[in-house]
Amino acid sequence: MLFSQKNVMRLPLDSNYIPSNQYFMYFLPQTAFKVIVTVEKNEQIKGYYADYADKMLGISNVFKENKTNFIISKVDMQSFIIPDSNLQYLVEMSHKQIKTGFYLQILNCNMKTFETRPYVYEQPTQTSDFFKNYADQKLLEKEESYVETRIIDGVLTQVPVSKTKTITKSLEQQAQEAADFITKIRKDRYNVITANHEVTFTKEALQYMIEELNQLEKNYLELFTGTTVKQTYTYEFIVIPQNEGDIDIPVFSFNERQGLKAIGQLPNEDLYYVKLNPQMNLAQYYEQQDLWEQNKDFKKQNGYQYRVSIPTDIILYHQNKNLHHFGTYPVFQFSKIFVLPKNTDCFKISNFAIIF
C-alpha cells in the first residue's frame, strides 16, 4: 500500500501547535534481544561407605567429599522488534487519504513485530530415591553364653546361661554387608543368564530381570562411589542496544562455584557481555549522510522519517574471549534517520514503522 502525507512531526510537539483531527501516529522500530542461558548445577554427593570402596570392592574412583559446581550448558538468542518510544511521529493526512479511508488499510499492512518462540524449561533431576532414603539395619542381635554360679537347695552350683543383647553395627560392618550384597547380586545375574531354569523364560522376561538386577547393583554401588544430582536452570535476559555506541552490553555474572547471578552480585571478572559488531563502517556511513546534509542544494524535509536495519554480528564473550557466536541480526538502532519530502507517494511507510 502506498501512502502520501500532508505533514510529519516528531513528538512531543510544541504546545502552540494543535494538530487536526485527521492524523495517525507511528514509532520507528528498534531491535531487542532475548538471551536465554541454560545452567547446569552438578552436586557430587559422597557415598555413605566411600572410605571402604577400595578395600571391599577394589574401587578407587569415588567421590571423596561433597562438591557443587555450575556450568553454562547452552546459550541461545531470539530477536524481536519493539517500538522505540523516543522516536514517535505524528502524521497529518491529506484530503485524498481521508477520503479514501486508507488508515484502516494501513493498519492491515502494519510492520509485523517478531514473535519469540516458546522456550521449554527443563526439569531438574533428583537424587535417586534409593540413595536418598537408604537406611541400613544398624542394630545387631548378639547371643552370649557364659556360666553363672548360683546356690540351689543349699548347694553351690554352676549354671550355663544364654542371653541375647542388641549392639550397634559399626560403619565398616554396614559397608561389608552392602559389599556382600553386591557380590550376591552379581552371582544372581550370572545365574539368570547361564543357569538351566525349570521354566523357560521369554526374552522379554529375562531382559526385565537383568535390568532390575543391574539397577539394584547400581543403587548399592552408589553407596560406595557416591552419586551426582543434576539440576537445570534457565534464565532469560532482555538486551536493547540504545545506539551505535552501545556495542558492549553486560548481561549477567557467572562463575563455577556460585552459578549465575545478576550483575553486581559477583566480581567484575565474572561478567558476561554481548558484543555487537555492525557489518558495515558506521563512521563512513554517518559521515556521508552529514556531507549530503551540508550540501548547499540540500533541503530540509518534513515528510516521513524512517531508518533501516544494519546487519550486525553478535557474540557472547567473557574476559575478552569469544565464547559463542549467535549469528548476524538486523539492528535498527545503528541506522541514521532518513527524512523524505512531503507528499512522497511512492513510499511504503508500513514497511518501516509501527503504526498506531
# chains A, B, ... in the order shown; residues from 1 in each chain; ligands from 1
$ residues_around --residues "A:Gln258" --least-positions-apart "3" --cutoff "8 Å" --atoms "only C-alpha atoms" --output "VMD selection string"
chain A and resid 69 to 70 254 to 255 261
$ residues_around --residues "A:Leu216" --least-positions-apart "6" --cutoff "10 Å" --atoms "only C-alpha atoms" --output "ChimeraX atom specification"
/A:130,181-182,185,210
$ residues_around --residues "stretch 81-90 of chain A" --least-positions-apart "6" --cutoff "9 Å" --atoms "only C-alpha atoms" --output "MDAnalysis selection string"
chainID A and resid 7:13 19 23:33 112:115 304:305 332 353:354
$ residues_around --residues "A:Asn42" --least-positions-apart "2" --cutoff "8 Å" --atoms "only C-alpha atoms" --output "list of chain:residue names"
A:Glu40, A:Gln44, A:Thr68, A:Asn69, A:Phe70, A:Thr228, A:Val229, A:Lys230, A:Gln231
$ write_last_selection --atoms "all heavy atoms" --output "PDB file, in the first residue's frame"
ATOM      1  N   GLU A  40      23.672 -25.711  34.265  1.00  0.00           N
ATOM      2  CA  GLU A  40      23.553 -26.991  34.967  1.00  0.00           C
ATOM      3  C   GLU A  40      24.274 -26.914  36.308  1.00  0.00           C
ATOM      4  O   GLU A  40      25.427 -26.490  36.378  1.00  0.00           O
ATOM      5  CB  GLU A  40      24.154 -28.123  34.135  1.00  0.00           C
ATOM      6  CG  GLU A  40      23.289 -28.565  32.973  1.00  0.00           C
ATOM      7  CD  GLU A  40      23.830 -29.804  32.291  1.00  0.00           C
ATOM      8  OE1 GLU A  40      24.858 -30.340  32.780  1.00  0.00           O
ATOM      9  OE2 GLU A  40      23.260 -30.228  31.275  1.00  0.00           O
ATOM     10  N   GLN A  44      28.017 -33.321  43.563  1.00  0.00           N
ATOM     11  CA  GLN A  44      28.650 -34.611  43.820  1.00  0.00           C
ATOM     12  C   GLN A  44      28.478 -34.933  45.300  1.00  0.00           C
ATOM     13  O   GLN A  44      28.948 -34.188  46.162  1.00  0.00           O
ATOM     14  CB  GLN A  44      30.126 -34.555  43.458  1.00  0.00           C
ATOM     15  CG  GLN A  44      30.385 -34.332  41.975  1.00  0.00           C
ATOM     16  CD  GLN A  44      31.863 -34.262  41.650  1.00  0.00           C
ATOM     17  OE1 GLN A  44      32.711 -34.309  42.542  1.00  0.00           O
ATOM     18  NE2 GLN A  44      32.181 -34.146  40.378  1.00  0.00           N
ATOM     19  N   THR A  68      29.924 -29.003  44.804  1.00  0.00           N
ATOM     20  CA  THR A  68      28.936 -28.450  43.882  1.00  0.00           C
ATOM     21  C   THR A  68      29.628 -27.546  42.872  1.00  0.00           C
ATOM     22  O   THR A  68      30.464 -26.727  43.250  1.00  0.00           O
ATOM     23  CB  THR A  68      27.860 -27.644  44.635  1.00  0.00           C
ATOM     24  OG1 THR A  68      27.197 -28.501  45.574  1.00  0.00           O
ATOM     25  CG2 THR A  68      26.828 -27.073  43.669  1.00  0.00           C
ATOM     26  N   ASN A  69      29.281 -27.707  41.603  1.00  0.00           N
ATOM     27  CA  ASN A  69      29.809 -26.794  40.593  1.00  0.00           C
ATOM     28  C   ASN A  69      28.732 -26.506  39.549  1.00  0.00           C
ATOM     29  O   ASN A  69      27.759 -27.260  39.411  1.00  0.00           O
ATOM     30  CB  ASN A  69      31.067 -27.364  39.925  1.00  0.00           C
ATOM     31  CG  ASN A  69      30.737 -28.478  38.947  1.00  0.00           C
ATOM     32  OD1 ASN A  69      30.255 -29.532  39.347  1.00  0.00           O
ATOM     33  ND2 ASN A  69      30.990 -28.269  37.666  1.00  0.00           N
ATOM     34  N   PHE A  70      28.899 -25.390  38.833  1.00  0.00           N
ATOM     35  CA  PHE A  70      27.939 -24.951  37.828  1.00  0.00           C
ATOM     36  C   PHE A  70      28.646 -24.837  36.473  1.00  0.00           C
ATOM     37  O   PHE A  70      29.823 -24.471  36.415  1.00  0.00           O
ATOM     38  CB  PHE A  70      27.352 -23.590  38.193  1.00  0.00           C
ATOM     39  CG  PHE A  70      26.578 -23.565  39.486  1.00  0.00           C
ATOM     40  CD1 PHE A  70      27.234 -23.428  40.704  1.00  0.00           C
ATOM     41  CD2 PHE A  70      25.198 -23.664  39.485  1.00  0.00           C
ATOM     42  CE1 PHE A  70      26.528 -23.384  41.902  1.00  0.00           C
ATOM     43  CE2 PHE A  70      24.483 -23.627  40.678  1.00  0.00           C
ATOM     44  CZ  PHE A  70      25.151 -23.494  41.887  1.00  0.00           C
ATOM     45  N   THR A 228      25.651 -38.308  41.679  1.00  0.00           N
ATOM     46  CA  THR A 228      25.614 -36.946  41.153  1.00  0.00           C
ATOM     47  C   THR A 228      24.171 -36.527  40.944  1.00  0.00           C
ATOM     48  O   THR A 228      23.378 -37.267  40.344  1.00  0.00           O
ATOM     49  CB  THR A 228      26.362 -36.846  39.815  1.00  0.00           C
ATOM     50  OG1 THR A 228      27.728 -37.219  40.008  1.00  0.00           O
ATOM     51  CG2 THR A 228      26.319 -35.421  39.275  1.00  0.00           C
ATOM     52  N   VAL A 229      23.824 -35.370  41.449  1.00  0.00           N
ATOM     53  CA  VAL A 229      22.499 -34.799  41.244  1.00  0.00           C
ATOM     54  C   VAL A 229      22.645 -33.621  40.288  1.00  0.00           C
ATOM     55  O   VAL A 229      23.413 -32.697  40.556  1.00  0.00           O
ATOM     56  CB  VAL A 229      21.867 -34.332  42.569  1.00  0.00           C
ATOM     57  CG1 VAL A 229      20.488 -33.734  42.309  1.00  0.00           C
ATOM     58  CG2 VAL A 229      21.762 -35.488  43.544  1.00  0.00           C
ATOM     59  N   LYS A 230      21.916 -33.663  39.181  1.00  0.00           N
ATOM     60  CA  LYS A 230      21.980 -32.580  38.199  1.00  0.00           C
ATOM     61  C   LYS A 230      20.661 -31.818  38.198  1.00  0.00           C
ATOM     62  O   LYS A 230      19.596 -32.418  38.163  1.00  0.00           O
ATOM     63  CB  LYS A 230      22.255 -33.129  36.796  1.00  0.00           C
ATOM     64  CG  LYS A 230      23.638 -33.735  36.628  1.00  0.00           C
ATOM     65  CD  LYS A 230      23.887 -34.155  35.190  1.00  0.00           C
ATOM     66  CE  LYS A 230      25.295 -34.704  35.025  1.00  0.00           C
ATOM     67  NZ  LYS A 230      25.575 -35.090  33.613  1.00  0.00           N
ATOM     68  N   GLN A 231      20.777 -30.503  38.244  1.00  0.00           N
ATOM     69  CA  GLN A 231      19.605 -29.644  38.141  1.00  0.00           C
ATOM     70  C   GLN A 231      19.865 -28.626  37.034  1.00  0.00           C
ATOM     71  O   GLN A 231      20.959 -28.083  36.917  1.00  0.00           O
ATOM     72  CB  GLN A 231      19.321 -28.933  39.460  1.00  0.00           C
ATOM     73  CG  GLN A 231      18.888 -29.888  40.574  1.00  0.00           C
ATOM     74  CD  GLN A 231      18.688 -29.166  41.896  1.00  0.00           C
ATOM     75  OE1 GLN A 231      19.636 -28.718  42.510  1.00  0.00           O
ATOM     76  NE2 GLN A 231      17.448 -29.034  42.306  1.00  0.00           N
TER      77      GLN A 231
END
$ atom_distance --atom1 "atom CA of A:Ser309" --atom2 "atom CA of A:Glu287"
17.6 Å
$ closest_residue --among "A:Gly327, A:Pro278, A:Pro341, A:Gly259" --to "A:Ile310" --atoms "only C-alpha atoms"
A:Pro278
$ atom_distance --atom1 "atom CA of A:Ile247" --atom2 "atom CA of A:Gln284"
17.3 Å
$ closest_residue --among "A:Ile45, A:Met77, A:Val339, A:Val192" --to "A:Tyr235" --atoms "only C-alpha atoms"
A:Met77
